[in-house]
Every structure is written in C-alpha cells, then in structure tokens.
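**Q** This is work10.cif (mmCIF, C-alpha atoms).
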data_structure
#
loop_
_atom_site.label_atom_id
_atom_site.label_comp_id
_atom_site.auth_asym_id
_atom_site.auth_seq_id
_atom_site.Cartn_x
_atom_site.Cartn_y
_atom_site.Cartn_z
CA MET C 1 70.72 33.53 49.56
CA ALA C 2 70.12 35.90 46.69
CA LYS C 3 72.47 38.84 46.67
CA SER C 4 71.36 42.31 45.71
CA ASN C 5 73.14 45.63 45.37
CA LYS C 6 69.94 47.42 46.31
CA PRO C 7 70.85 48.20 49.97
CA VAL C 8 74.07 49.89 48.83
CA VAL C 9 72.51 52.21 46.25
CA TRP C 10 69.44 52.75 48.40
CA SER C 11 71.52 53.87 51.39
CA LEU C 12 73.41 56.30 49.13
CA PHE C 13 70.04 57.51 47.78
CA ALA C 14 68.63 58.03 51.28
CA ALA C 15 71.77 59.69 52.64
CA GLY C 16 71.94 61.93 49.57
CA GLY C 17 68.26 62.80 49.82
CA THR C 18 68.61 63.82 53.45
CA LEU C 19 71.74 65.87 52.75
CA ALA C 20 70.04 67.45 49.72
CA ALA C 21 66.95 68.25 51.81
CA LEU C 22 69.11 69.99 54.41
CA LEU C 23 71.60 71.73 52.12
CA ALA C 24 70.48 71.93 48.48
CA PRO C 25 68.03 74.86 48.87
CA VAL C 26 70.48 77.11 50.69
CA LEU C 27 73.48 76.15 48.51
CA ALA C 28 71.46 76.74 45.34
CA LEU C 29 70.40 80.09 46.80
CA LEU C 30 74.09 81.11 47.12
CA PHE C 31 74.61 80.37 43.41
CA LEU C 32 71.34 82.12 42.52
CA LEU C 33 72.68 85.24 44.25
CA ALA C 34 75.87 84.89 42.19
CA ALA C 35 73.78 84.61 39.02
CA LEU C 36 72.03 87.84 40.01
CA GLY C 37 75.41 89.57 40.27
CA ARG C 38 75.46 89.58 44.09
CA ALA C 39 77.87 86.71 44.67
CA PRO C 40 78.21 85.95 48.39
CA GLU C 41 81.65 86.34 50.00
CA LEU C 42 82.06 82.55 50.21
CA LEU C 43 81.85 82.18 46.42
CA GLY C 44 84.70 84.64 45.89
CA TYR C 45 87.95 83.01 44.74
CA ALA C 46 90.01 83.70 47.87
CA ARG C 47 87.41 82.43 50.38
CA LEU C 48 86.30 79.41 48.38
CA HIS C 49 89.90 78.42 47.60
CA ALA C 50 90.82 78.65 51.28
CA PHE C 51 87.71 76.59 52.13
CA ALA C 52 88.51 73.90 49.55
CA ALA C 53 92.18 73.82 50.61
CA ASN C 54 91.15 72.89 54.15
CA PRO C 55 90.78 69.08 54.65
CA LEU C 56 87.38 69.54 56.33
CA GLY C 57 86.27 71.81 53.48
CA LYS C 58 87.39 69.17 50.97
CA LEU C 59 85.46 66.50 52.87
CA PHE C 60 82.35 68.71 52.89
CA LEU C 61 82.53 69.42 49.14
CA LEU C 62 83.24 65.77 48.29
CA THR C 63 80.36 64.55 50.47
CA VAL C 64 77.90 67.07 49.04
CA ILE C 65 78.82 66.48 45.38
CA ALA C 66 79.06 62.67 45.64
CA LEU C 67 75.91 62.12 47.70
CA PHE C 68 73.84 64.57 45.58
CA LEU C 69 75.02 62.67 42.47
CA TRP C 70 74.23 59.21 43.89
CA HIS C 71 70.86 60.41 45.17
CA ALA C 72 69.98 61.89 41.77
CA ALA C 73 71.27 58.81 39.92
CA HIS C 74 69.15 56.34 41.86
CA ARG C 75 66.02 58.48 41.72
CA LEU C 76 66.55 59.15 38.00
CA ARG C 77 66.71 55.38 37.42
CA VAL C 78 63.31 54.96 39.09
CA ALA C 79 61.86 58.07 37.42
CA LEU C 80 62.92 56.91 33.94
CA HIS C 81 61.12 53.61 34.59
CA ASP C 82 58.04 55.58 35.69
CA PHE C 83 58.20 57.69 32.52
CA GLY C 84 57.96 54.47 30.52
CA LEU C 85 61.60 53.67 29.72
CA ARG C 86 61.73 49.91 30.44
CA ARG C 87 65.47 49.30 30.00
CA ASP C 88 66.33 49.18 33.67
CA ARG C 89 69.64 47.31 33.37
CA LEU C 90 71.04 49.77 30.83
CA VAL C 91 69.66 52.80 32.69
CA ALA C 92 71.15 51.54 35.97
CA VAL C 93 74.59 51.09 34.39
CA VAL C 94 74.50 54.57 32.80
CA VAL C 95 73.29 56.52 35.87
CA TYR C 96 75.52 54.74 38.40
CA LEU C 97 78.51 55.01 36.08
CA ALA C 98 77.83 58.76 35.76
CA ALA C 99 77.59 59.13 39.55
CA GLY C 100 80.79 57.11 40.03
CA THR C 101 82.64 59.19 37.41
CA GLY C 102 81.45 62.41 39.06
CA THR C 103 82.62 61.16 42.46
CA ALA C 104 86.06 60.24 41.05
CA LEU C 105 86.37 63.61 39.26
CA SER C 106 85.45 65.56 42.40
CA LEU C 107 88.17 63.64 44.29
CA LEU C 108 90.68 64.46 41.54
CA TYR C 109 89.81 68.19 41.39
CA LEU C 110 89.80 68.56 45.18
CA ALA C 111 93.19 66.84 45.39
CA ARG C 112 94.57 69.52 43.02
CA ILE C 113 93.49 72.42 45.25
CA MET E 1 43.57 30.84 35.46
CA SER E 2 40.68 32.63 33.86
CA ARG E 3 40.44 32.28 30.11
CA ARG E 4 39.62 35.94 29.82
CA PRO E 5 41.97 37.67 32.25
CA PHE E 6 41.11 41.27 33.00
CA VAL E 7 43.75 43.52 31.50
CA ARG E 8 43.74 47.02 32.87
CA LEU E 9 44.54 49.55 30.19
CA VAL E 10 47.34 51.69 31.61
CA SER E 11 49.57 53.88 29.50
CA GLY E 12 53.24 53.21 30.16
CA THR E 13 54.23 56.81 29.53
CA ARG E 14 51.24 58.95 30.59
CA TRP E 15 49.77 57.02 33.54
CA TYR E 16 50.66 59.74 36.07
CA PHE E 17 48.10 62.14 34.55
CA GLY E 18 45.38 59.75 35.75
CA HIS E 19 45.24 60.98 39.33
CA PRO E 20 46.53 64.09 41.17
CA ARG E 21 48.27 61.76 43.65
CA TYR E 22 50.32 60.23 40.81
CA LEU E 23 51.28 63.70 39.59
CA ARG E 24 52.43 64.67 43.08
CA TYR E 25 54.52 61.48 43.19
CA MET E 26 56.14 62.34 39.85
CA SER E 27 56.74 65.94 40.97
CA ARG E 28 58.84 64.51 43.83
CA GLU E 29 60.69 62.13 41.51
CA VAL E 30 61.67 64.85 39.01
CA THR E 31 63.38 66.89 41.76
CA CYS E 32 66.32 64.54 41.16
CA ILE E 33 66.98 66.17 37.76
CA PHE E 34 67.55 69.53 39.46
CA ILE E 35 69.57 68.09 42.36
CA GLY E 36 71.74 66.20 39.85
CA ALA E 37 72.20 69.25 37.63
CA PHE E 38 73.17 71.33 40.65
CA ALA E 39 75.69 68.67 41.73
CA LEU E 40 77.25 68.93 38.24
CA LEU E 41 77.39 72.73 38.62
CA LEU E 42 79.20 72.29 41.96
CA LEU E 43 81.59 69.82 40.31
CA ARG E 44 82.29 72.35 37.56
CA ALA E 45 82.87 75.08 40.17
CA VAL E 46 85.43 72.88 41.98
CA GLU E 47 87.13 72.05 38.66
CA ARG E 48 87.40 75.75 37.72
CA LEU E 49 88.57 76.56 41.25
CA SER E 50 91.37 74.00 40.90
CA ALA E 51 92.38 75.57 37.55
CA GLY E 52 93.23 78.92 39.15
CA GLN E 53 91.90 82.40 39.82
CA ALA E 54 91.33 83.44 36.19
CA ALA E 55 89.46 80.21 35.36
CA TYR E 56 87.26 80.60 38.42
CA ALA E 57 86.53 84.26 37.65
CA SER E 58 85.37 83.31 34.14
CA PHE E 59 83.18 80.58 35.69
CA LEU E 60 81.51 83.17 37.95
CA ALA E 61 81.06 85.48 34.95
CA ALA E 62 79.56 82.60 32.93
CA ILE E 63 76.90 81.82 35.55
CA ALA E 64 75.85 85.46 35.93
CA GLY E 65 72.84 86.43 33.85
CA PRO E 66 69.06 86.06 33.55
CA TRP E 67 69.08 82.51 32.10
CA SER E 68 71.31 81.18 34.89
CA ALA E 69 69.13 83.01 37.40
CA LEU E 70 66.05 81.33 35.91
CA GLY E 71 67.68 77.89 35.98
CA LEU E 72 68.97 78.34 39.53
CA SER E 73 65.54 79.60 40.65
CA LEU E 74 64.11 76.31 39.35
CA VAL E 75 66.84 74.43 41.26
CA VAL E 76 65.91 76.32 44.45
CA ILE E 77 62.18 75.59 43.95
CA PHE E 78 62.67 71.88 43.28
CA ALA E 79 65.24 71.59 46.09
CA LEU E 80 62.64 73.12 48.44
CA HIS E 81 60.05 70.66 47.14
CA ASN E 82 62.46 67.78 47.79
CA ALA E 83 63.22 69.09 51.29
CA VAL E 84 59.59 69.55 52.33
CA SER E 85 58.41 66.22 50.91
CA TRP E 86 61.48 64.45 52.34
CA PHE E 87 61.01 65.80 55.86
CA ASN E 88 57.25 65.16 55.80
CA VAL E 89 57.76 61.40 55.40
CA THR E 90 60.45 61.10 58.10
CA PRO E 91 57.96 59.64 60.66
CA LYS E 92 57.48 56.71 58.23
CA ALA E 93 61.20 56.34 57.50
CA LEU E 94 62.49 56.90 61.05
CA PRO E 95 59.79 55.90 63.55
CA VAL E 96 60.96 56.41 67.13
CA GLN E 97 59.65 53.72 69.48
CA ILE E 98 59.18 54.55 73.16
CA GLY E 99 58.15 51.49 75.16
CA GLU E 100 55.02 50.05 73.53
CA GLY E 101 54.15 53.20 71.63
CA PHE E 102 55.73 55.51 69.11
CA LEU E 103 56.76 59.13 69.34
CA PRO E 104 54.09 61.18 67.53
CA GLY E 105 55.16 61.87 63.95
CA GLY E 106 54.78 65.61 64.41
CA PHE E 107 57.79 65.72 66.72
CA ILE E 108 60.01 63.91 64.22
CA VAL E 109 58.95 66.23 61.39
CA ALA E 110 59.39 69.31 63.59
CA ALA E 111 62.89 68.19 64.64
CA HIS E 112 63.88 67.87 60.98
CA TYR E 113 62.47 71.30 60.11
CA ALA E 114 64.34 72.80 63.07
CA ALA E 115 67.59 71.18 61.92
CA TRP E 116 66.93 72.41 58.36
CA ILE E 117 66.43 76.02 59.53
CA LEU E 118 69.55 75.92 61.72
CA VAL E 119 71.71 74.44 58.95
CA SER E 120 70.42 76.99 56.41
CA LEU E 121 71.06 79.92 58.76
CA ALA E 122 74.55 78.58 59.56
CA VAL E 123 75.39 78.32 55.83
CA LEU E 124 74.06 81.84 55.15
CA LEU E 125 76.11 83.24 58.05
CA PHE E 126 79.23 81.34 56.96
CA ALA E 127 78.78 82.51 53.36
CA GLY E 128 78.53 86.13 54.46
CA VAL E 129 74.96 86.62 53.21
CA LEU E 130 73.51 87.42 56.64
#
Just dump the structure as structure tokens.

**A**
Amino acid sequence: MAKSNKPVVWSLFAAGGTLAALLAPVLALLFLLAALGRAPELLGYARLHAFAANPLGKLFLLTVIALFLWHAAHRLRVALHDFGLRRDRLVAVVVYLAAGTGTALSLLYLARI
Amino acid sequence: MSRRPFVRLVSGTRWYFGHPRYLRYMSREVTCIFIGAFALLLLRAVERLSAGQAAYASFLAAIAGPWSALGLSLVVIFALHNAVSWFNVTPKALPVQIGEGFLPGGFIVAAHYAAWILVSLAVLLFAGVL
C-alpha cells in the first residue's frame, strides 16, 4: 500500500485551523491593544512570566505556537501552488522545516522560563 | 485520444481573478500568512520573556506604535476571516449523524460560534481587559 504523510500534516493543519479560529482573533486583539499603548494586564512581564512558568501555561503557549505554525505552513504550501509556484517538493520541505524549527524553538524558550 | 485535444487557457498565476468564488477561496488561503506571522510574534514574545524583564520590556516597547497597530489590525481582520469561514464549513467537516438522518448544519455552526464567543470572553477576562 502506498504510504503518504498527508494525514499527519493535514491533521496538524485542521487542528491548527480550529485552534486559530477559536483563539487567534482574541489573542491578536490583546497584542493590538499593546501596540496601541494599552497593554492588557496579562501581557505585563510579571503576569506573563508567571503564566509561562506554570506547566499548564507552558502547554498552552506551546500548543498555540506550534499548531498555528503547522496550520500556516500547510496552508502556505497549498497557497503557493495556487499562486503559480509549481515546486511543491521544495516548498513542502521549506515550510514544514520552518514549522518544525519554530516548534523546537518554542520548546527551548519555554523550558528556560 | 483526439488529435486536437481542447486545451483550456488558464493562467497559472492569475486564474483566481476569473471568478469571485476563486477570489473568495484565495482570501481564505492567504489568512495563513497572518496566522503564521502572528505565531512568529508569539514565539518572539516567549523568547524575549525567557531573556528577562528588561528584554521583555524592550519587546513591548518595540511593538507599540502605529505601524505595529496597523499590522496587528490586519492580523485581527484575517484571523476573523479564518474563524468565520472555518466555522461555516464545520457541517461539511464534522457531520453529526442521528439514526438515518443528520443533525441540521445550522446547529453545528451555532455550537462553534457559541464556543468561539465563550473562549474569547474567557481570554479577555483572564487577560484583564474586561
């Protein structure tokens, strides 16, 4: 039987898309408020550090960053094909490598907090 | 095989301007650029947070300003577009079978919108905005 890695990346894409649909607008709004000089309490150093120091907080941040990245990577691969870039193998390697690197870096940074 | 096969002339790079439906499809696809960019911003925030209070304070100072506000407004808009289009197709992605029939799609969409509102309110409360 032919083997394919599609179910793996597609499940990450779908999980990331659902998580992004639920959380991305409100999380981006928090950072928009910070950009407007009205940073919410949670984005202050003390609160965010305490949040990221908590194991559940770490898990939340890791899940959000990793799944957003994998969602964006898979959709970007398809979008680049749709925009006329027909080098799917190369594009796939680049976008998934970027998502994997981002996931590893978020693990590393969270471990340091 | 016909000796004169019909070849449809389709541009590889501008085909999506051919029909409003194609443009709407591409508008959903490009949301990934903003979701991805926002994920990188979150990654940067966590990195600065791990580097200490001074590093994090300079990160917050760096993202304050009109250009960041413009960029983050675009992220919010495209994230909303992703959310609405994502939830609107949930009856196709997650059909709920009851006996011989299916739960009407409206219920599935409404359940997702309800969850979205609750999650957003919970985050705003937790963040101290509300």

**Q** Using all atoms listed in the file, select each residue of chain C with any atom at most 7 Å away from an atom of chain E, and give the selection as an MDAnalysis selection string.

**A** chainID C and resid 21:26 28:29 32 34:37 40:42 45 49 65 68:69 72 75:76 79 83:84 106 109:110 112:113

**Q** Please determine an axis-aligned box that encloses all atoms of region 75-85 of chain E listed in the file, with 6 Å added on each side, and express its centre and edge lengths in Å to one decimal as JSON.

**A**
{"center_x": 62.6, "center_y": 71.3, "center_z": 46.8, "size_x": 20.4, "size_y": 22.1, "size_z": 23.1}

**Q** Run the PyMOL selection byres ((chain C and resi 66) around 9) against the file shown and list the residues it catches, as a VMD selection string.

**A** (chain C and resid 16 61 to 65 67 to 71 99 to 100 102 to 104 106) or (chain E and resid 39)

**Q** Could you write those residues out with C-alpha atoms, as a PDB file, in the frame of the given file?

**A**
ATOM      1  CA  GLY C  16      71.940  61.930  49.570  1.00  0.00           C
ATOM      2  CA  LEU C  61      82.530  69.420  49.140  1.00  0.00           C
ATOM      3  CA  LEU C  62      83.240  65.770  48.290  1.00  0.00           C
ATOM      4  CA  THR C  63      80.360  64.550  50.470  1.00  0.00           C
ATOM      5  CA  VAL C  64      77.900  67.070  49.040  1.00  0.00           C
ATOM      6  CA  ILE C  65      78.820  66.480  45.380  1.00  0.00           C
ATOM      7  CA  LEU C  67      75.910  62.120  47.700  1.00  0.00           C
ATOM      8  CA  PHE C  68      73.840  64.570  45.580  1.00  0.00           C
ATOM      9  CA  LEU C  69      75.020  62.670  42.470  1.00  0.00           C
ATOM     10  CA  TRP C  70      74.230  59.210  43.890  1.00  0.00           C
ATOM     11  CA  HIS C  71      70.860  60.410  45.170  1.00  0.00           C
ATOM     12  CA  ALA C  99      77.590  59.130  39.550  1.00  0.00           C
ATOM     13  CA  GLY C 100      80.790  57.110  40.030  1.00  0.00           C
ATOM     14  CA  GLY C 102      81.450  62.410  39.060  1.00  0.00           C
ATOM     15  CA  THR C 103      82.620  61.160  42.460  1.00  0.00           C
ATOM     16  CA  ALA C 104      86.060  60.240  41.050  1.00  0.00           C
ATOM     17  CA  SER C 106      85.450  65.560  42.400  1.00  0.00           C
TER      18      SER C 106
ATOM     19  CA  ALA E  39      75.690  68.670  41.730  1.00  0.00           C
TER      20      ALA E  39
END

**Q** Interatomic distance between CA of Asn88 (chain E) and CA of Leu30 (chain C)?

**A**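 That distance, rounded to one decimal, is 24.8 Å.
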
**Q** One decimal, Å: what's the distance from CA of Val91 (chain C) over to CA of Arg77 (chain C), could you say?

**A**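 Straight-line distance from CA of Val91 (chain C) to CA of Arg77 (chain C) works out to 6.1 Å.
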
**Q** Just how far from CA of Phe51 (chain C) is CA of Ser58 (chain E), in Å to one decimal?

**A**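 So the answer is 19.3 Å.
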
**Q** Write out as a PDB file with C-alpha atoms, in the coordinates of the input each polymer residue whose atoms come within 10 Å of Pro95 (chain E), counting all atoms listed in the file; drop sequence neighbours fewer than 5 positions from it.

**A**
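What follows is the written file selection.pdb:
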ATOM      1  CA  THR E  90      60.450  61.100  58.100  1.00  0.00           C
ATOM      2  CA  PHE E 102      55.730  55.510  69.110  1.00  0.00           C
ATOM      3  CA  LEU E 103      56.760  59.130  69.340  1.00  0.00           C
ATOM      4  CA  PRO E 104      54.090  61.180  67.530  1.00  0.00           C
ATOM      5  CA  GLY E 105      55.160  61.870  63.950  1.00  0.00           C
ATOM      6  CA  ILE E 108      60.010  63.910  64.220  1.00  0.00           C
TER       7      ILE E 108
END
